[in-house]
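J.: A single structure is presented below for examination.
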Amino acid sequence: MIPRLAARDSTASFLLDGYTFGRRRFERLRTNAFRTRLMLKPVTIMRGADAARLFYEGNRFTRSSALPSSTLLLLQDEGSVQSLDGAPHDHRKLMFLAVTQEEETRRLVSIFRDDWERAAAEWGTLEEVELHAALLPLLTRTAMSWAGVPVEGGAVLERTDEFAAMLENAGRFGPPTWAARTRRNHSEEWARDLIRRTRSGQLSPSAGSALRIITDHLEADGKPLSTKIAAVELINVLRPIVAVGRYIVFSALALHRHPRWARSFASGNDSDLENFVNEVRRFYPFFPVVGGRATTSFEWNGHKFGIGDWVLLDLYGTNHDGGIWSDPDRFRPERFRDWNGDRGTLIPQGGGDVAHGHRCPGESITVELMKEAVRQLARHLVYSVPDQDLRVSLRRFPAIPESRFVMKVAARRLRADA
Ligand code: HEM
C-alpha cells in the first residue's frame with residue numbers, strides 16, 4: 001500500500017521544504033512513495049529506481065497537464081517533443097538524437113573551449129568575476145554558433161537575458177512568470193525568423209547543425225514541422241545549453257570545497273573526471289521533480305492507479321536515496337567507479353531509455369561541457385575564491401549558490417597546443 005499523508009494539502013510544506021520535501025517524508029514514513037494533495041489535487045510522489053522505471057518505461061504517463069502550465073510554457077511549450085507520446089514522440093526524438101550525436105557534441109565542446117579561452121583572457125583584467133553571470137553570455141554564444149545560428153548584432157545579449165529568465169522563473173508562479181513568458185515570445189519570434197530564412201535559402205547552416213536538422217526534419221507523415229514548432233524545438237536545444245552554466249557553477253563550488261580533486265585534475269589526471277561531474281549532477285539540486293499523468297490503469301506497490309492520476313517522480317530524492325547511494329549526503333566521485341549504470345538511479349536529467357521515453361537527449365552534451373569547464377578551471381585558470389556566501393538554498397527552484405561563485409582570476413595557463 002502507498003501511505004497517505006495526514007495533512008489535507010501539502011502545497012505550503014512543498015514550498016517550505018523545497019527539494020527535501022519528498023525525502024523528509026520518505027524517510028519518516030519508511031516508504032518510497034506516498035500520497036497527498038498539491039494545489040488541492042491528489043498526487044502520488046515517488047522515488048527510487050523502481051519508481052523511475054515505472055515512470056519512464058512502458059508509456060504509462062503523459063506530460064500533458066502534469067506540470068503547472070507556467071512552468072511548461074517557460075521550459076518546453078506546447079507541441080514540443082516533451083508534449084508528445086508514443087510513436088510521434090519517438091519519431092521527433094530522433095531529431096534530437098541527430099542534433100546531439102557524438103561528432104556534434106565534440107564540435108560543441110571545441111567551440112565552448114575557444115569561447116571560454118577568449119572570455120577567460122578578459123577575466124584576468126577584471127577585479128572579480130561572478131562565474132554564473134559570465135557563463136550566461138558565453139554559453140549563449142557557444143550554443144548559437146554551434147547550432148548554425150548567426151551570432152549577429154545584439155542577438156547574443158538579448159537571447160542571454162531571455163534564456164536566463166525562462167529558467168530562473170520556471171519554479172515560480174504569477175507575475176514573474178508573465179514577464180518571462182513575454183521574453184519567451186520574443187525568443188520564439190526570433191527563432192521563427194531563423195527557420196523562415198533557412199527555408200528560403202537566405203541562411204545556409206551547415207549539415208549536422210541544429211538549425212539545419214530542425215528546419216529539414218520531416219514528421220512521420222512526411223510533412224516538415226510548422227514554423228512555430230520548429231522554432232520551439234530550436235529554443236529547446238539552445239536554452240538548456242545555457243542552463244548547463246548552473247552545473248558548471250556547482251562544479252566550481254565542488255572543486256573549491258574538495259581541493260584534492262582540483263589538484264588531481266590540475267596534474268592532468270582525468271581518470272575520475274567523468275565520475276566527478278556525475279557526482280556534481282547527483283549531489284547538487286537542479287530540477288526537483290518531474291510530473292506525469294497516467295494514460296492507462298495499472299497497479300504498483302499495492303496501489304491501483306487510474307487514467308489521469310497525477311504522479312511526481314522525485315529526481316532530487318532519488319539522487320539522494322540512501323537505498324541506492326551509500327552516504328548520499330557526502331560528495332564522493334569515487335562512488336561512480338563501480339556504478340552499474342542503472343538507468344533508474346542517476347536521474348537528474350530523467351531516467352529510462354533516451355530514444356523511447358522522455359529522458360533528456362542533452363545528457364552527453366551536459367557531461368562533456370562540464371568536463372571541459374572543470375579542465376579549464378583546474379588546469380588553465382589561476383584564481384582565488386574571496387569570502388562570499390556560497391550557501392545553496394534548497395528552498396529556491398532552481399538552486400544556485402547565493403553569491404553565484406565570485407572568483408579573482410590571477411592568471412591563465414595556456415594549453416600546450418594553444
Ligand atoms: C542543465 C542540464 C540539464 C538538465 C538538468 C536537464 C533536465 C532534463 C530533465 C529532467 C528532462 C526530463 C523531463 C521529463 O521527464 O519530462 C529533460 C528533458 C529534455 N531535455 Fe534536458 N536537461 C539538461 C540539459 C539539456 C540539454 C543540453 C539539452 C539540449 C539538447 C536538453 C534538451 C531536453 C529536451 C528536448 C527534453 C525533452 C525530451 C523528451 O521529452 O523526450 N536538455 N531534461
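The way I read the labels, and the way they are meant: chains A, B, ... in the order of the C-alpha cells, residue 1 as the first residue of every chain, and ligand 1 as the first ligand shown, with later ones counted on from there.
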Which residues form the shell of 8 Å around ligand 1 when you count only C-alpha atoms and all ligand atoms, given as a VMD selection string?

T.: chain A and resid 56 63 76 80 to 84 89 to 90 93 96 99 to 100 233 236 to 247 281 286 to 287 289 to 292 315 347 to 351 354 to 366

J.: Between A:Ala52, A:Leu136, A:Leu15, A:Ile2, which has the minimum distance to Thr31 in chain A (counting only C-alpha atoms)?

T.: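 Among A:Ala52, A:Leu136, A:Leu15, A:Ile2, it is A:Ile2 that comes nearest to Thr31 in chain A.
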
J.: Contacts of range 333-341 of chain A at 10 Å or less, counting only C-alpha atoms, minus same-chain residues fewer than 6 places along, as an MDAnalysis selection string?

T.: chainID A and resid 261 271:280 282:283 325:327

J.: Once you have the residues from the selection above, write them out as a PDB file, in the first residue's frame, restricted to N, CA, C and O atoms.

T.:
ATOM      1  N   TRP A 261      40.452  17.245  -5.481  1.00  0.00           N
ATOM      2  CA  TRP A 261      40.045  16.958  -6.860  1.00  0.00           C
ATOM      3  C   TRP A 261      40.617  18.011  -7.796  1.00  0.00           C
ATOM      4  O   TRP A 261      41.065  17.700  -8.906  1.00  0.00           O
ATOM      5  N   SER A 271      41.323  10.548 -14.832  1.00  0.00           N
ATOM      6  CA  SER A 271      40.640   9.247 -14.756  1.00  0.00           C
ATOM      7  C   SER A 271      39.303   9.333 -14.016  1.00  0.00           C
ATOM      8  O   SER A 271      38.407   8.552 -14.294  1.00  0.00           O
ATOM      9  N   ASP A 272      39.173  10.277 -13.086  1.00  0.00           N
ATOM     10  CA  ASP A 272      37.893  10.396 -12.376  1.00  0.00           C
ATOM     11  C   ASP A 272      37.084  11.609 -12.823  1.00  0.00           C
ATOM     12  O   ASP A 272      36.132  11.994 -12.142  1.00  0.00           O
ATOM     13  N   LEU A 273      37.449  12.208 -13.965  1.00  0.00           N
ATOM     14  CA  LEU A 273      36.768  13.450 -14.359  1.00  0.00           C
ATOM     15  C   LEU A 273      35.277  13.218 -14.609  1.00  0.00           C
ATOM     16  O   LEU A 273      34.424  13.976 -14.136  1.00  0.00           O
ATOM     17  N   GLU A 274      34.957  12.143 -15.331  1.00  0.00           N
ATOM     18  CA  GLU A 274      33.540  11.882 -15.588  1.00  0.00           C
ATOM     19  C   GLU A 274      32.814  11.520 -14.292  1.00  0.00           C
ATOM     20  O   GLU A 274      31.671  11.926 -14.064  1.00  0.00           O
ATOM     21  N   ASN A 275      33.497  10.771 -13.417  1.00  0.00           N
ATOM     22  CA  ASN A 275      32.880  10.433 -12.121  1.00  0.00           C
ATOM     23  C   ASN A 275      32.603  11.701 -11.323  1.00  0.00           C
ATOM     24  O   ASN A 275      31.584  11.820 -10.652  1.00  0.00           O
ATOM     25  N   PHE A 276      33.532  12.647 -11.411  1.00  0.00           N
ATOM     26  CA  PHE A 276      33.378  13.912 -10.688  1.00  0.00           C
ATOM     27  C   PHE A 276      32.144  14.663 -11.189  1.00  0.00           C
ATOM     28  O   PHE A 276      31.307  15.098 -10.402  1.00  0.00           O
ATOM     29  N   VAL A 277      31.991  14.793 -12.505  1.00  0.00           N
ATOM     30  CA  VAL A 277      30.839  15.573 -12.990  1.00  0.00           C
ATOM     31  C   VAL A 277      29.531  14.810 -12.762  1.00  0.00           C
ATOM     32  O   VAL A 277      28.491  15.414 -12.510  1.00  0.00           O
ATOM     33  N   ASN A 278      29.582  13.490 -12.790  1.00  0.00           N
ATOM     34  CA  ASN A 278      28.371  12.735 -12.450  1.00  0.00           C
ATOM     35  C   ASN A 278      27.999  12.951 -10.982  1.00  0.00           C
ATOM     36  O   ASN A 278      26.821  13.067 -10.647  1.00  0.00           O
ATOM     37  N   GLU A 279      29.025  13.026 -10.128  1.00  0.00           N
ATOM     38  CA  GLU A 279      28.728  13.268  -8.718  1.00  0.00           C
ATOM     39  C   GLU A 279      28.168  14.679  -8.518  1.00  0.00           C
ATOM     40  O   GLU A 279      27.265  14.884  -7.702  1.00  0.00           O
ATOM     41  N   VAL A 280      28.656  15.649  -9.303  1.00  0.00           N
ATOM     42  CA  VAL A 280      28.074  17.006  -9.240  1.00  0.00           C
ATOM     43  C   VAL A 280      26.595  16.931  -9.642  1.00  0.00           C
ATOM     44  O   VAL A 280      25.730  17.498  -8.972  1.00  0.00           O
ATOM     45  N   ARG A 282      24.620  14.369  -9.441  1.00  0.00           N
ATOM     46  CA  ARG A 282      23.844  13.645  -8.431  1.00  0.00           C
ATOM     47  C   ARG A 282      23.629  14.487  -7.180  1.00  0.00           C
ATOM     48  O   ARG A 282      22.530  14.562  -6.630  1.00  0.00           O
ATOM     49  N   PHE A 283      24.684  15.152  -6.754  1.00  0.00           N
ATOM     50  CA  PHE A 283      24.713  15.763  -5.425  1.00  0.00           C
ATOM     51  C   PHE A 283      23.974  17.106  -5.368  1.00  0.00           C
ATOM     52  O   PHE A 283      23.231  17.383  -4.431  1.00  0.00           O
ATOM     53  N   TRP A 325      22.310   4.992  -2.884  1.00  0.00           N
ATOM     54  CA  TRP A 325      23.633   5.598  -2.734  1.00  0.00           C
ATOM     55  C   TRP A 325      24.056   5.502  -1.272  1.00  0.00           C
ATOM     56  O   TRP A 325      23.337   6.003  -0.405  1.00  0.00           O
ATOM     57  N   SER A 326      25.227   4.914  -1.005  1.00  0.00           N
ATOM     58  CA  SER A 326      25.666   4.888   0.389  1.00  0.00           C
ATOM     59  C   SER A 326      26.132   6.303   0.751  1.00  0.00           C
ATOM     60  O   SER A 326      26.732   6.995  -0.078  1.00  0.00           O
ATOM     61  N   ASP A 327      25.807   6.710   1.979  1.00  0.00           N
ATOM     62  CA  ASP A 327      26.219   8.040   2.432  1.00  0.00           C
ATOM     63  C   ASP A 327      25.831   9.121   1.402  1.00  0.00           C
ATOM     64  O   ASP A 327      26.697   9.850   0.890  1.00  0.00           O
TER      65      ASP A 327
END

J.: Quick one: residues within 12 Å of Thr105 in chain A, only C-alpha atoms counted, chain neighbours fewer than 2 positions away excluded, as number ranges by chain?

T.: A: 97-103, 107-112, 142-143, 146-147, 208-210, 241, 361-369, 372

J.: With DSSP run on the backbone, what are the helix (DSSP H, G or I) residues within range 50-154 of chain A? I'd like them as a VMD selection string.

T.: chain A and resid 50 to 56 69 to 75 81 to 83 86 to 99 102 to 123 131 to 147

J.: What is the CA of Ala66 in chain A to CA of Leu94 in chain A distance in Å?

T.: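 According to the coordinates, CA of Ala66 in chain A and CA of Leu94 in chain A are separated by 23.7 Å.
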
J.: Skipping near chain neighbours, those fewer than 3 positions away, what residues fall within 9 Å of Leu253 in chain A using only C-alpha atoms, listed as a PyMOL selection string?

T.: chain A and resi 248-250+256-258+390+401+405

J.: I need the residue nearest Arg343 in chain A from this list: A:Phe298, A:Phe26, A:Tyr19, A:Phe55. Use only C-alpha atoms for the distance.

T.: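 Residue with the minimum atom-to-atom distance to Arg343 in chain A: A:Phe55.
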
J.: Please identify all polymer residues within 12 Å of Asp161 in chain A, counting only C-alpha atoms, omitting same-chain residues fewer than 4 positions from it, and present them as a ChimeraX atom specification.

T.: /A:133,136-137,139-140,154-157,165-168,179-180,182-184,186-187,239,242

J.: Glu189 in chain A: which residues within 12 Å, counting only C-alpha atoms, same-chain residues fewer than 6 positions away excluded, as a ChimeraX atom specification?

T.: /A:159,182-183,195-196,227-232,234-235

J.: Residues as selected, N, CA and C atoms, written as a JSON list (two decimals), in the first residue's frame, can you do that?

T.:
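Result file follows (part24.json):
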[["chain", "number", "residue", "atom", "x", "y", "z"],
["A", 159, "ARG", "N", 19.32, 37.11, -26.32],
["A", 159, "ARG", "CA", 18.99, 35.71, -26.01],
["A", 159, "ARG", "C", 19.49, 35.35, -24.61],
["A", 182, "THR", "N", 6.74, 36.73, -21.72],
["A", 182, "THR", "CA", 6.86, 37.72, -22.79],
["A", 182, "THR", "C", 8.23, 37.59, -23.45],
["A", 183, "ARG", "N", 9.24, 37.38, -22.60],
["A", 183, "ARG", "CA", 10.57, 37.22, -23.18],
["A", 183, "ARG", "C", 10.64, 35.99, -24.05],
["A", 195, "ILE", "N", 14.08, 30.13, -38.87],
["A", 195, "ILE", "CA", 13.57, 28.97, -39.62],
["A", 195, "ILE", "C", 13.11, 29.44, -41.01],
["A", 196, "ARG", "N", 12.40, 30.56, -41.04],
["A", 196, "ARG", "CA", 11.92, 31.07, -42.35],
["A", 196, "ARG", "C", 13.09, 31.40, -43.26],
["A", 227, "THR", "N", 6.47, 26.29, -38.77],
["A", 227, "THR", "CA", 7.50, 27.25, -38.36],
["A", 227, "THR", "C", 7.47, 27.43, -36.84],
["A", 228, "LYS", "N", 6.27, 27.44, -36.27],
["A", 228, "LYS", "CA", 6.14, 27.69, -34.82],
["A", 228, "LYS", "C", 6.80, 26.56, -34.01],
["A", 229, "ILE", "N", 6.48, 25.30, -34.39],
["A", 229, "ILE", "CA", 7.02, 24.17, -33.62],
["A", 229, "ILE", "C", 8.53, 24.06, -33.85],
["A", 230, "ALA", "N", 8.97, 24.30, -35.07],
["A", 230, "ALA", "CA", 10.42, 24.23, -35.34],
["A", 230, "ALA", "C", 11.14, 25.26, -34.46],
["A", 231, "ALA", "N", 10.53, 26.45, -34.33],
["A", 231, "ALA", "CA", 11.15, 27.50, -33.51],
["A", 231, "ALA", "C", 11.19, 27.06, -32.04],
["A", 232, "VAL", "N", 10.11, 26.45, -31.57],
["A", 232, "VAL", "CA", 10.05, 25.97, -30.18],
["A", 232, "VAL", "C", 11.17, 24.95, -29.94],
["A", 234, "LEU", "N", 13.96, 24.58, -31.62],
["A", 234, "LEU", "CA", 15.30, 25.19, -31.67],
["A", 234, "LEU", "C", 15.63, 25.81, -30.30],
["A", 235, "ILE", "N", 14.65, 26.47, -29.73],
["A", 235, "ILE", "CA", 14.88, 27.07, -28.40],
["A", 235, "ILE", "C", 15.08, 25.97, -27.36]]

J.: Which of these, A:Ile214, A:Leu203, A:Leu126, A:Leu346, has the shortest distance to Ser226 in chain A once you count only C-alpha atoms?

T.: A:Ile214

J.: CA of Asp115 in chain A to CA of Ala378 in chain A: how many Å, to one decimal?

T.: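 Atom-to-atom, CA of Asp115 in chain A and CA of Ala378 in chain A are spaced 17.1 Å apart.
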